[in-house]
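K.L.:
Pasting my_file-v4.txt below, which is compact mmCIF, C-alpha atoms and all ligand atoms.
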# COMPACT_ATOMS: atom_id res chain seq x y z
CA MET U 465 138.32 112.11 40.16
CA LYS U 466 137.27 115.75 40.14
CA LEU U 467 137.59 117.29 43.60
CA ASN U 468 135.11 119.93 44.67
CA TRP U 469 136.54 122.83 46.61
CA THR U 470 135.58 126.28 47.83
CA MET U 471 137.47 129.27 49.11
CA ASN U 472 136.37 130.29 52.60
CA ALA U 473 137.33 133.96 52.67
CA GLU U 474 136.20 134.48 56.26
CA LYS U 475 138.44 131.75 57.63
CA ASN U 476 141.04 132.26 54.92
CA CYS U 477 141.20 128.61 53.93
CA LEU U 478 140.61 126.31 51.00
CA MET U 479 137.92 123.79 51.79
CA ILE U 480 138.53 120.66 49.71
CA MET U 481 135.84 117.94 49.72
CA LEU U 482 137.09 114.36 49.93
CA GLU U 483 134.63 111.87 48.47
CA GLY U 484 134.20 108.13 48.02
CA ARG U 485 137.35 106.00 48.32
CA ILE U 486 140.93 107.19 48.36
CA ASP U 487 143.35 104.30 47.89
CA SER U 488 146.35 103.27 45.79
CA THR U 489 144.25 103.17 42.61
CA ASN U 490 143.42 106.88 42.64
CA VAL U 491 145.69 108.57 45.17
CA ALA U 492 148.12 109.88 42.53
CA ALA U 493 145.29 111.62 40.69
CA VAL U 494 143.90 113.07 43.94
CA GLU U 495 147.34 114.35 44.90
CA GLU U 496 147.80 116.01 41.55
CA GLU U 497 144.49 117.80 41.93
CA VAL U 498 145.13 118.90 45.51
CA MET U 499 148.49 120.35 44.49
CA GLU U 500 146.90 122.10 41.50
CA ILE U 501 144.22 123.71 43.71
CA GLN U 502 146.92 124.73 46.17
CA LYS U 503 148.99 126.28 43.37
CA GLN U 504 146.07 128.42 42.26
CA ASN U 505 145.68 129.76 45.81
CA GLU U 506 149.18 130.15 47.12
CA GLY U 507 149.61 130.87 50.80
CA VAL U 508 146.09 129.75 51.72
CA GLU U 509 145.81 126.76 54.08
CA ILE U 510 143.94 123.62 53.08
CA VAL U 511 141.09 122.20 55.14
CA PHE U 512 139.59 118.85 54.16
CA HIS U 513 135.87 118.28 54.43
CA ALA U 514 135.36 114.54 54.79
CA LYS U 515 131.60 114.09 55.07
CA LYS U 516 131.41 112.01 51.87
CA LEU U 517 134.69 110.18 52.37
CA GLU U 518 133.87 106.47 52.60
CA TYR U 519 137.27 104.84 52.82
CA ILE U 520 140.92 105.88 53.02
CA SER U 521 143.87 103.49 52.68
CA SER U 522 147.43 103.99 53.89
CA ALA U 523 148.32 105.54 50.52
CA GLY U 524 145.59 108.13 51.10
CA LEU U 525 146.84 108.79 54.61
CA ARG U 526 150.33 109.45 53.26
CA LEU U 527 148.88 112.15 51.03
CA LEU U 528 147.31 113.79 54.09
CA LEU U 529 150.70 113.67 55.81
CA LYS U 530 152.28 115.45 52.88
CA VAL U 531 149.71 118.23 53.07
CA ARG U 532 150.16 118.35 56.84
CA LYS U 533 153.87 119.09 56.29
CA MET U 534 153.11 121.90 53.86
CA GLN U 535 151.26 124.00 56.44
CA LYS U 536 151.23 124.83 60.16
CA GLU U 537 148.25 122.69 60.96
CA LEU U 538 145.79 120.44 59.14
CA LEU U 539 142.10 120.44 59.94
CA ILE U 540 139.86 117.63 58.68
CA THR U 541 136.17 118.24 59.42
CA GLU U 542 132.92 116.24 59.29
CA VAL U 543 134.70 112.90 59.61
CA SER U 544 132.35 109.89 59.84
CA GLY U 545 132.55 107.43 62.73
CA GLU U 546 134.34 104.71 60.70
CA ILE U 547 136.92 107.03 59.17
CA TYR U 548 137.46 108.60 62.59
CA GLU U 549 138.45 105.16 63.89
CA ILE U 550 141.13 104.91 61.17
CA PHE U 551 142.54 108.29 62.19
CA LYS U 552 142.54 107.19 65.81
CA VAL U 553 144.30 103.84 65.48
CA THR U 554 146.94 105.31 63.17
CA GLY U 555 147.66 108.13 65.61
CA PHE U 556 146.71 110.72 62.99
CA SER U 557 144.19 112.27 65.34
CA GLU U 558 147.14 113.35 67.48
CA ILE U 559 149.04 115.15 64.73
CA MET U 560 146.09 116.61 62.86
CA ASN U 561 142.94 118.33 64.01
CA ILE U 562 140.27 115.74 63.23
CA GLN U 563 136.66 116.80 63.84
CA LYS U 564 133.99 114.17 63.87
CA ALA U 565 130.71 114.74 62.04
CA PHE U 566 127.79 115.23 64.37
CA ARG U 567 124.89 112.86 64.16
CA GLU U 568 121.90 114.58 62.58
CA ILE U 569 118.56 114.15 64.21
CA SER U 570 115.03 115.05 63.20
CA ILE U 571 112.69 116.50 65.79
CA GLU U 572 109.53 116.08 63.76
CA ASN U 573 106.80 114.85 66.12
CA ALA U 574 109.12 115.20 69.13
CA GLU U 575 107.30 116.62 72.13
CA VAL U 576 108.63 119.80 73.79
CA ILE U 577 108.98 119.03 77.48
CA GLY U 578 110.97 121.94 78.80
CA GLN U 579 112.18 125.44 78.16
CA GLY U 580 115.17 127.26 79.58
CA GLY U 581 117.46 130.17 78.87
CA HIS U 582 119.57 128.21 76.37
CA GLY U 583 116.75 126.84 74.24
CA LYS U 584 114.14 124.12 74.38
CA VAL U 585 114.17 120.52 75.50
CA LEU U 586 112.40 117.78 73.52
CA ARG U 587 111.71 114.14 74.26
CA LEU U 588 113.42 111.96 71.63
CA ASN U 589 112.21 108.57 72.84
CA GLY U 590 111.51 106.69 76.06
CA ASP U 591 115.10 107.07 77.28
CA THR U 592 116.52 110.31 75.95
CA ILE U 593 115.87 114.01 75.48
CA VAL U 594 117.66 116.60 73.40
CA LYS U 595 118.53 120.05 74.67
CA LEU U 596 118.38 122.16 71.53
CA TYR U 597 120.38 125.38 71.80
CA VAL U 598 119.24 128.66 70.28
CA PRO U 599 120.92 129.33 66.92
CA GLY U 600 124.18 131.18 67.38
CA THR U 601 125.29 129.01 70.30
CA THR U 602 128.81 127.86 69.43
CA ILE U 603 129.94 124.25 69.35
CA GLU U 604 132.47 125.10 72.09
CA GLU U 605 129.68 126.17 74.47
CA VAL U 606 127.74 122.97 73.81
CA GLN U 607 130.82 120.80 74.26
CA ARG U 608 131.63 122.63 77.50
CA GLU U 609 128.22 121.79 78.92
CA GLN U 610 128.68 118.17 77.82
CA GLU U 611 132.08 118.04 79.50
CA TYR U 612 130.82 119.58 82.76
CA ALA U 613 127.76 117.36 82.87
CA LYS U 614 130.05 114.33 82.45
CA LYS U 615 132.34 115.52 85.22
CA ALA U 616 129.42 116.20 87.55
CA PHE U 617 128.12 112.71 86.88
CA VAL U 618 131.52 111.12 87.53
CA MET U 619 131.92 113.12 90.75
CA GLY U 620 128.73 111.54 92.03
CA VAL U 621 126.34 114.46 91.60
CA PRO U 622 122.81 113.08 91.01
CA THR U 623 122.24 114.22 87.43
CA ALA U 624 121.19 113.05 83.93
CA ILE U 625 123.80 111.19 81.85
CA PRO U 626 124.98 113.38 78.95
CA PHE U 627 125.29 111.55 75.62
CA ASP U 628 126.42 112.97 72.27
CA VAL U 629 126.37 116.36 70.58
CA VAL U 630 124.01 116.31 67.59
CA LYS U 631 122.92 118.63 64.81
CA CYS U 632 119.35 119.54 64.04
CA GLY U 633 119.16 121.87 61.07
CA GLU U 634 121.29 124.86 61.97
CA SER U 635 121.20 124.20 65.73
CA PHE U 636 123.38 122.09 67.95
CA GLY U 637 121.80 119.78 70.46
CA LEU U 638 123.01 117.75 73.40
CA VAL U 639 121.34 114.41 74.09
CA PHE U 640 120.74 113.49 77.74
CA GLU U 641 119.18 110.65 79.63
CA LEU U 642 115.47 111.37 80.13
CA ILE U 643 114.55 112.14 83.71
CA ASN U 644 111.05 110.79 83.46
CA SER U 645 109.36 113.08 85.95
CA VAL U 646 108.72 116.72 86.78
CA THR U 647 110.78 119.75 87.71
CA PHE U 648 111.03 120.74 91.37
CA SER U 649 108.67 123.68 90.81
CA GLU U 650 106.05 121.49 89.11
CA PHE U 651 106.36 118.99 91.94
CA LEU U 652 105.84 121.63 94.63
CA ASN U 653 102.88 123.09 92.75
CA GLN U 654 101.29 119.66 92.40
CA ASN U 655 102.07 118.42 95.93
CA PRO U 656 101.56 121.31 98.35
CA GLU U 657 101.42 118.90 101.30
CA CYS U 658 105.06 117.90 100.67
CA PHE U 659 106.31 121.48 100.47
CA GLU U 660 108.30 121.64 103.67
CA GLU U 661 109.80 118.16 103.43
CA TYR U 662 111.03 118.83 99.88
CA ALA U 663 112.23 122.35 100.62
CA VAL U 664 114.52 120.72 103.20
CA LYS U 665 115.76 118.23 100.56
CA TYR U 666 116.39 121.15 98.22
CA ALA U 667 118.66 122.82 100.77
CA LYS U 668 120.44 119.57 101.57
CA LEU U 669 121.11 118.92 97.89
CA LEU U 670 123.03 122.17 97.55
CA LYS U 671 124.76 121.73 100.88
CA LYS U 672 126.00 118.31 99.81
CA LEU U 673 127.22 119.71 96.50
CA HIS U 674 129.18 122.41 98.34
CA GLU U 675 130.69 119.90 100.71
CA THR U 676 132.23 118.18 97.68
CA LYS U 677 135.65 119.74 97.11
CA VAL U 678 137.34 119.28 93.75
CA SER U 679 140.89 119.57 92.48
CA LYS U 680 141.42 122.68 90.41
CA ASP U 681 142.24 120.83 87.20
CA MET U 682 138.78 119.24 87.18
CA LEU U 683 136.78 122.42 86.47
CA SER U 684 137.47 126.10 85.95
CA GLY U 685 137.02 128.58 88.77
CA THR U 686 133.92 130.72 89.27
CA LYS U 687 136.16 133.73 89.77
CA GLU U 688 137.83 133.16 86.38
CA LEU U 689 134.44 132.69 84.73
CA TYR U 690 133.27 136.04 86.10
CA ARG U 691 136.52 137.73 85.14
CA GLU U 692 135.72 136.66 81.57
CA ARG U 693 132.10 137.77 81.87
CA ILE U 694 133.05 141.18 83.23
CA ASN U 695 135.43 141.59 80.29
CA GLN U 696 132.61 140.67 77.91
CA LEU U 697 130.71 143.68 79.27
CA LYS U 698 133.32 146.11 77.96
CA PRO U 699 132.21 146.32 74.31
CA LEU U 700 128.53 146.66 75.34
CA GLY U 701 129.24 150.11 76.75
CA TYR U 702 126.78 149.99 79.68
CA PHE U 703 129.56 150.62 82.19
CA THR U 704 132.54 152.98 82.04
CA GLU U 705 136.09 151.65 82.03
CA LYS U 706 136.47 152.66 85.68
CA GLU U 707 133.26 150.81 86.58
CA ILE U 708 134.49 147.68 84.82
CA GLU U 709 137.72 147.92 86.82
CA ASP U 710 135.67 148.21 90.01
CA LEU U 711 133.63 145.14 89.10
CA HIS U 712 136.92 143.26 88.73
CA ARG U 713 138.11 144.46 92.12
CA VAL U 714 134.93 143.20 93.78
CA ASN U 715 135.13 139.87 91.93
CA ASP U 716 138.74 139.42 93.03
CA ALA U 717 137.84 140.04 96.68
CA PHE U 718 135.83 136.83 97.13
CA ALA U 719 137.71 134.27 99.21
CA ASP U 720 139.00 131.32 97.20
CA ASP U 721 137.52 127.89 97.80
CA THR U 722 137.13 124.61 95.87
CA SER U 723 133.50 123.60 96.41
CA ILE U 724 131.53 122.47 93.37
CA ILE U 725 129.42 125.45 92.32
CA HIS U 726 126.35 124.78 90.20
CA GLY U 727 126.03 128.40 89.11
CA ASP U 728 122.27 128.47 88.51
CA PHE U 729 120.54 126.63 91.35
CA HIS U 730 116.77 127.16 91.14
CA PRO U 731 113.60 125.01 91.08
CA ARG U 732 113.59 124.55 87.30
CA ASN U 733 117.13 123.19 87.31
CA VAL U 734 116.19 120.49 89.80
CA MET U 735 113.95 117.55 89.01
CA VAL U 736 112.21 115.08 91.30
CA MET U 737 112.55 111.40 90.51
CA ASP U 738 111.21 108.69 92.80
CA GLY U 739 111.30 111.08 95.72
CA GLU U 740 114.92 112.07 95.09
CA LEU U 741 116.16 115.38 93.76
CA VAL U 742 118.23 115.38 90.57
CA LEU U 743 120.30 118.38 89.51
CA ILE U 744 120.35 119.37 85.82
CA ASP U 745 121.72 122.19 83.64
CA MET U 746 125.47 122.08 84.26
CA ALA U 747 126.37 124.83 81.77
CA ASP U 748 127.93 127.00 84.50
CA LEU U 749 129.50 124.32 86.69
CA THR U 750 132.71 125.61 88.31
CA TYR U 751 134.66 125.33 91.54
CA GLY U 752 134.70 128.15 94.05
CA ASN U 753 133.14 129.72 97.10
CA PRO U 754 129.60 128.57 98.04
CA LEU U 755 128.72 132.27 98.32
CA TYR U 756 128.47 132.24 94.53
CA ASP U 757 125.54 129.81 94.51
CA LEU U 758 123.86 131.65 97.38
CA GLY U 759 124.28 134.93 95.49
CA SER U 760 122.82 133.42 92.36
CA MET U 761 119.88 132.17 94.46
CA ILE U 762 119.30 135.62 95.93
CA LEU U 763 118.92 136.87 92.38
CA THR U 764 116.43 134.20 91.31
CA HIS U 765 114.60 133.64 94.62
CA VAL U 766 114.53 137.17 96.04
CA THR U 767 115.44 139.98 93.62
CA LEU U 768 113.47 138.64 90.65
CA SER U 769 110.67 137.35 92.87
CA PRO U 770 107.83 137.75 93.79
CA GLU U 771 105.89 137.71 90.56
CA GLY U 772 105.71 140.63 88.22
CA LYS U 773 109.37 140.52 87.34
CA LEU U 774 111.15 137.77 85.45
CA ASP U 775 109.75 134.42 86.56
CA ILE U 776 112.69 132.06 86.80
CA THR U 777 111.54 129.70 89.52
CA GLY U 778 108.14 128.68 88.14
CA LEU U 779 106.56 129.15 91.58
CA PRO U 780 104.07 131.77 92.82
CA GLY U 781 105.70 134.63 94.73
CA GLU U 782 104.67 133.61 98.24
CA LYS U 783 105.86 130.06 97.60
CA VAL U 784 109.30 131.30 96.53
CA ASP U 785 109.50 133.32 99.76
CA GLU U 786 108.58 130.26 101.78
CA LEU U 787 111.07 128.07 99.92
CA TRP U 788 113.83 130.64 100.48
CA LYS U 789 113.09 130.84 104.23
CA ILE U 790 113.21 127.09 104.70
CA PHE U 791 116.31 126.85 102.51
CA LEU U 792 118.18 129.39 104.64
CA SER U 793 117.15 127.77 107.92
CA VAL U 794 118.55 124.42 106.77
CA TYR U 795 121.59 125.65 104.85
CA LEU U 796 122.93 128.30 107.24
CA GLU U 797 123.60 128.54 110.96
CA PRO U 798 121.69 131.47 112.52
CA LYS U 799 124.96 133.06 113.68
CA ASP U 800 126.35 133.14 110.10
CA MET U 801 123.13 134.24 108.46
CA GLU U 802 123.53 138.01 108.35
CA LEU U 803 127.11 138.23 107.12
CA THR U 804 126.75 135.38 104.64
CA LEU U 805 123.66 136.98 103.13
CA LYS U 806 125.40 140.33 102.82
CA LYS U 807 128.41 138.78 101.10
CA SER U 808 126.35 136.67 98.74
CA GLY U 809 124.16 139.70 98.05
CA ILE U 810 127.24 141.35 96.57
CA PHE U 811 127.71 138.41 94.23
CA SER U 812 124.04 138.53 93.23
CA VAL U 813 124.56 142.07 91.94
CA LEU U 814 127.75 141.08 90.13
CA LYS U 815 125.88 138.21 88.49
CA ALA U 816 123.03 140.52 87.47
CA ALA U 817 125.57 142.93 85.96
CA THR U 818 127.26 140.29 83.84
CA THR U 819 124.03 138.63 82.73
CA PHE U 820 123.79 140.96 79.73
CA ALA U 821 127.09 139.67 78.48
CA PHE U 822 125.76 136.23 77.70
CA SER U 823 121.97 136.36 77.64
CA GLN U 824 120.10 137.67 74.64
CA ARG U 825 116.95 137.71 76.76
CA ALA U 826 118.46 140.11 79.29
CA ASN U 827 119.89 142.36 76.65
CA ASN U 828 116.88 144.66 76.20
CA GLU U 829 116.39 148.29 77.13
CA VAL U 830 114.17 147.84 80.18
CA VAL U 831 116.36 145.18 81.79
CA VAL U 832 119.54 147.11 81.00
CA LYS U 833 118.17 150.25 82.64
CA TYR U 834 116.92 148.41 85.72
CA VAL U 835 120.07 146.36 86.24
CA THR U 836 122.66 149.07 85.56
CA ALA U 837 120.85 151.33 88.08
CA MET U 838 120.85 148.50 90.63
CA VAL U 839 124.54 147.73 90.07
CA ARG U 840 125.47 151.39 90.51
CA GLU U 841 123.35 151.80 93.63
CA LYS U 842 124.24 148.58 95.42
CA LEU U 843 127.79 147.97 94.34
CA LEU U 844 129.59 150.67 92.41
CA SER U 845 128.67 153.46 94.83
CA ASN U 846 130.48 151.62 97.62
CA VAL U 847 133.18 149.39 96.14
CA ASP U 848 135.59 149.70 99.06
CA GLY U 849 132.81 148.92 101.53
CA CYS U 850 131.91 145.78 99.56
CA ILE U 851 135.53 144.65 99.44
CA GLN U 852 135.94 145.20 103.16
CA LEU U 853 132.82 143.19 103.87
CA LEU U 854 134.05 140.33 101.69
CA LYS U 855 137.30 140.21 103.67
CA MET U 856 135.45 139.75 106.97
N1 LIG U 901 117.32 115.15 81.31
C1 LIG U 901 116.12 115.73 81.32
N2 LIG U 901 114.99 114.97 81.44
C2 LIG U 901 113.77 115.55 81.45
N3 LIG U 901 113.55 116.88 81.35
C3 LIG U 901 114.62 117.70 81.24
C4 LIG U 901 115.96 117.16 81.23
N4 LIG U 901 116.81 118.19 81.10
C5 LIG U 901 116.05 119.31 81.03
N5 LIG U 901 114.73 119.03 81.12
C6 LIG U 901 113.61 120.02 81.09
O1 LIG U 901 113.99 121.12 80.27
C7 LIG U 901 114.07 122.34 81.03
C8 LIG U 901 115.25 123.16 80.55
O2 LIG U 901 116.46 122.42 80.66
P1 LIG U 901 117.82 123.09 81.15
O3 LIG U 901 118.91 122.10 81.04
O4 LIG U 901 117.60 123.73 82.47
O5 LIG U 901 118.01 124.20 80.01
P2 LIG U 901 118.52 125.73 80.11
O6 LIG U 901 120.01 125.66 80.18
O7 LIG U 901 118.04 126.31 78.84
O8 LIG U 901 117.92 126.34 81.33
C9 LIG U 901 114.17 121.88 82.49
O9 LIG U 901 113.64 122.85 83.36
C10 LIG U 901 113.35 120.60 82.47
O10 LIG U 901 111.96 120.91 82.53
MG MG U 902 117.89 125.67 83.22
Re-express the file's structure as structure tokens.
P.N.:
Amino acid sequence: MKLNWTMNAEKNCLMIMLEGRIDSTNVAAVEEEVMEIQKQNEGVEIVFHAKKLEYISSAGLRLLLKVRKMQKELLITEVSGEIYEIFKVTGFSEIMNIQKAFREISIENAEVIGQGGHGKVLRLNGDTIVKLYVPGTTIEEVQREQEYAKKAFVMGVPTAIPFDVVKCGESFGLVFELINSVTFSEFLNQNPECFEEYAVKYAKLLKKLHETKVSKDMLSGTKELYRERINQLKPLGYFTEKEIEDLHRVNDAFADDTSIIHGDFHPRNVMVMDGELVLIDMADLTYGNPLYDLGSMILTHVTLSPEGKLDITGLPGEKVDELWKIFLSVYLEPKDMELTLKKSGIFSVLKAATTFAFSQRANNEVVVKYVTAMVREKLLSNVDGCIQLLKM
């Protein structure tokens, strides 16, 4: 057997391809070759690429163990479903880093049924869709959304079942159950007579989500997420070091809580199925203070609306205003209205500030100028005042 291998300079590793069968009849020859390749590249760690590996016997596994002992860690990538099972039952997946190969799908002839900030959504068949992420999205981000969507589902949130992570060309995709219906904005546009009734349901959906408290090991905290996002702003250079520190101080001043926070609640992340509302897009699911979701809504329902600015909601300006009014009247008690809106308004500015850190769309000159000016005017010019308000 002649093993193919490449040197990955970027990751400083030797990528050795395992192919066909590795069993007692050829394992000695394979071992000799692996050791020879290793000798030529001393000090560089081995990674096995197992896409074309069809079978591995216990003799083959012993060879992997030997290599495992030669280095700090052993990564085996692109492992097929069957081989993955062997690694699992033998316990190898606990002592080595085994990465399963992603199913590859073709989207030829697949109909585009949705568009969002992360990419596009296509119908795969009568039961499933794929959310295809823009190139550059890392596997960790996709797996995080899969994990959060699973957790939301298990916690009883009405949402689409997430299935597996797939590959489509250079992009990653996440397969979900198809919600065979329309988004909340499409529904309101098509059924104006139901507007008020469904606006009430919309408010109740979020209220119910916030009434669900979670244990802190279930999800990460919104505050921690924003700490990370504020830090991601540093290298962009839009804010000074002192301003970044101030953003952290404001973020830290929000009262801790353990409600489920959706993170991006707006009419395109809600769908209507058989008269019931279903929540989708769990990429930013966290636990925290309900003020975070209200703040995010201020941004999408008030600051960026009415029309003319970025259209997130998919509704005409006056309809967004109407939806927001009904939402507030159902979600908040009149006596809490003013203070709650002020506090969540502070979060809306913090969210706007950090949006550059993770959205390519927001990272253009006009948006940067508009948002940095707003952040300075509404937040940075009065940091102590904001913190005091948040403590009330
Ligand atoms: N499970 C689903 N069934 C049917 N349509 C969906 C489903 N998930 C998403 N969509 C459609 O795709 C759009 C974008 O999906 P979303 O998850 O919100 O992506 P993004 O994170 O890019 O905003 C939604 O507004 C909706 O129209
Ligand atoms: Mg979305």
K.L.:
Rounded to one decimal, what separation in Å do you get between CA of Thr704 (chain U) and CA of Leu844 (chain U)?
P.N.:
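Those two atoms sit 11.0 Å apart.
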K.L.:
Given the choices U:Arg587, U:Asn753, U:Leu529, U:Tyr519, which gets closest to Ser645 (chain U) if the distance is worked out from only C-alpha atoms?
P.N.:
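Checking each candidate against Ser645 (chain U), we get U:Arg587 as the closest.
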K.L.:
Out of U:Asn472, U:Leu711, U:Lys687, U:Thr647, which residue has the shortest atom-to-atom distance to Ser845 (chain U) when counting all atoms listed in the file?
P.N.:
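Between U:Asn472, U:Leu711, U:Lys687, U:Thr647, the residue approaching Ser845 (chain U) most closely is U:Leu711.
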K.L.:
Sort by chain and increasing residue number a table of all residues of chain U within 6 Å of ligand LIG 901 (chain U), each with its closest pair of atoms and their distance in Å to one decimal, counting all atoms listed in the file, and write it as JSON lines.
P.N.:
{"residue": "U:Ile577", "atom": "CA", "partner": "U:LIG901", "partner_atom": "C6", "distance": 6.0}
{"residue": "U:Gly578", "atom": "CA", "partner": "U:LIG901", "partner_atom": "O1", "distance": 3.5}
{"residue": "U:Gln579", "atom": "CA", "partner": "U:LIG901", "partner_atom": "C8", "distance": 4.5}
{"residue": "U:Gly580", "atom": "CA", "partner": "U:LIG901", "partner_atom": "O7", "distance": 3.1}
{"residue": "U:Gly581", "atom": "CA", "partner": "U:LIG901", "partner_atom": "O7", "distance": 3.9}
{"residue": "U:His582", "atom": "CA", "partner": "U:LIG901", "partner_atom": "O7", "distance": 3.5}
{"residue": "U:Gly583", "atom": "CA", "partner": "U:LIG901", "partner_atom": "O7", "distance": 4.8}
{"residue": "U:Val585", "atom": "CA", "partner": "U:LIG901", "partner_atom": "O1", "distance": 4.8}
{"residue": "U:Ala624", "atom": "CA", "partner": "U:LIG901", "partner_atom": "N1", "distance": 5.1}
{"residue": "U:Phe640", "atom": "CA", "partner": "U:LIG901", "partner_atom": "N1", "distance": 5.2}
{"residue": "U:Glu641", "atom": "CA", "partner": "U:LIG901", "partner_atom": "N1", "distance": 5.2}
{"residue": "U:Leu642", "atom": "CA", "partner": "U:LIG901", "partner_atom": "N2", "distance": 3.9}
{"residue": "U:Ile643", "atom": "CA", "partner": "U:LIG901", "partner_atom": "N2", "distance": 3.7}
{"residue": "U:Asn644", "atom": "CA", "partner": "U:LIG901", "partner_atom": "C2", "distance": 5.8}
{"residue": "U:Thr647", "atom": "CA", "partner": "U:LIG901", "partner_atom": "O10", "distance": 5.4}
{"residue": "U:Arg732", "atom": "CA", "partner": "U:LIG901", "partner_atom": "O9", "distance": 4.3}
{"residue": "U:Asn733", "atom": "CA", "partner": "U:LIG901", "partner_atom": "O4", "distance": 4.9}
{"residue": "U:Ile744", "atom": "CA", "partner": "U:LIG901", "partner_atom": "O3", "distance": 5.7}
{"residue": "U:Asp745", "atom": "CA", "partner": "U:LIG901", "partner_atom": "O3", "distance": 3.8}
K.L.:
Of the candidates U:Leu700, U:Ala667, U:Ile810, U:Leu792, which shows the shortest atom-to-atom distance to Ala717 (chain U), using all atoms listed in the file?
P.N.:
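Closest to Ala717 (chain U) of all the choices is U:Ile810.
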K.L.:
Work out how far CA of Ser812 (chain U) is from CA of Glu650 (chain U), in Å to one decimal.
P.N.:
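Atom-to-atom, CA of Glu650 (chain U) to CA of Ser812 (chain U), that is 25.1 Å.
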K.L.:
Would you kindly return, as a PyMOL selection string, each protein, DNA or RNA residue with an atom no farther than 10 Å from any atom of Val576 (chain U), considering all atoms listed in the file and excluding same-chain residues fewer than 6 positions away?
P.N.:
chain U and resi 584-588+593-595
K.L.:
I need region 546-559 of chain U from the structure I supplied, saved as a short mmCIF file (atom, residue, chain, number, x, y, z; two decimals), in the first residue's frame with N, CA and C atoms retained.
P.N.:
data_model
loop_
_atom_site.label_atom_id
_atom_site.label_comp_id
_atom_site.auth_asym_id
_atom_site.auth_seq_id
_atom_site.Cartn_x
_atom_site.Cartn_y
_atom_site.Cartn_z
N GLU U 546 -20.07 4.10 9.24
CA GLU U 546 -19.77 2.74 9.70
C GLU U 546 -18.49 2.70 10.54
N ILE U 547 -17.46 3.38 10.03
CA ILE U 547 -16.18 3.37 10.77
C ILE U 547 -16.36 4.10 12.10
N TYR U 548 -17.20 5.13 12.08
CA TYR U 548 -17.44 5.89 13.31
C TYR U 548 -18.01 4.97 14.39
N GLU U 549 -18.89 4.06 13.96
CA GLU U 549 -19.47 3.10 14.91
C GLU U 549 -18.39 2.25 15.56
N ILE U 550 -17.40 1.83 14.76
CA ILE U 550 -16.30 1.01 15.31
C ILE U 550 -15.55 1.82 16.38
N PHE U 551 -15.26 3.09 16.06
CA PHE U 551 -14.56 3.92 17.03
C PHE U 551 -15.38 4.10 18.31
N LYS U 552 -16.70 4.13 18.13
CA LYS U 552 -17.56 4.37 19.30
C LYS U 552 -17.61 3.13 20.20
N VAL U 553 -17.88 1.97 19.62
CA VAL U 553 -18.03 0.78 20.48
C VAL U 553 -16.71 0.39 21.15
N THR U 554 -15.59 0.73 20.51
CA THR U 554 -14.30 0.36 21.10
C THR U 554 -13.83 1.41 22.12
N GLY U 555 -14.58 2.50 22.23
CA GLY U 555 -14.18 3.54 23.18
C GLY U 555 -13.09 4.46 22.62
N PHE U 556 -12.68 4.22 21.38
CA PHE U 556 -11.64 5.06 20.79
C PHE U 556 -12.08 6.52 20.67
N SER U 557 -13.38 6.71 20.47
CA SER U 557 -13.84 8.10 20.28
C SER U 557 -13.67 8.91 21.56
N GLU U 558 -13.39 8.21 22.68
CA GLU U 558 -13.15 8.97 23.92
C GLU U 558 -11.68 9.33 24.12
N ILE U 559 -10.80 8.57 23.49
CA ILE U 559 -9.37 8.88 23.69
C ILE U 559 -8.73 9.57 22.48
#
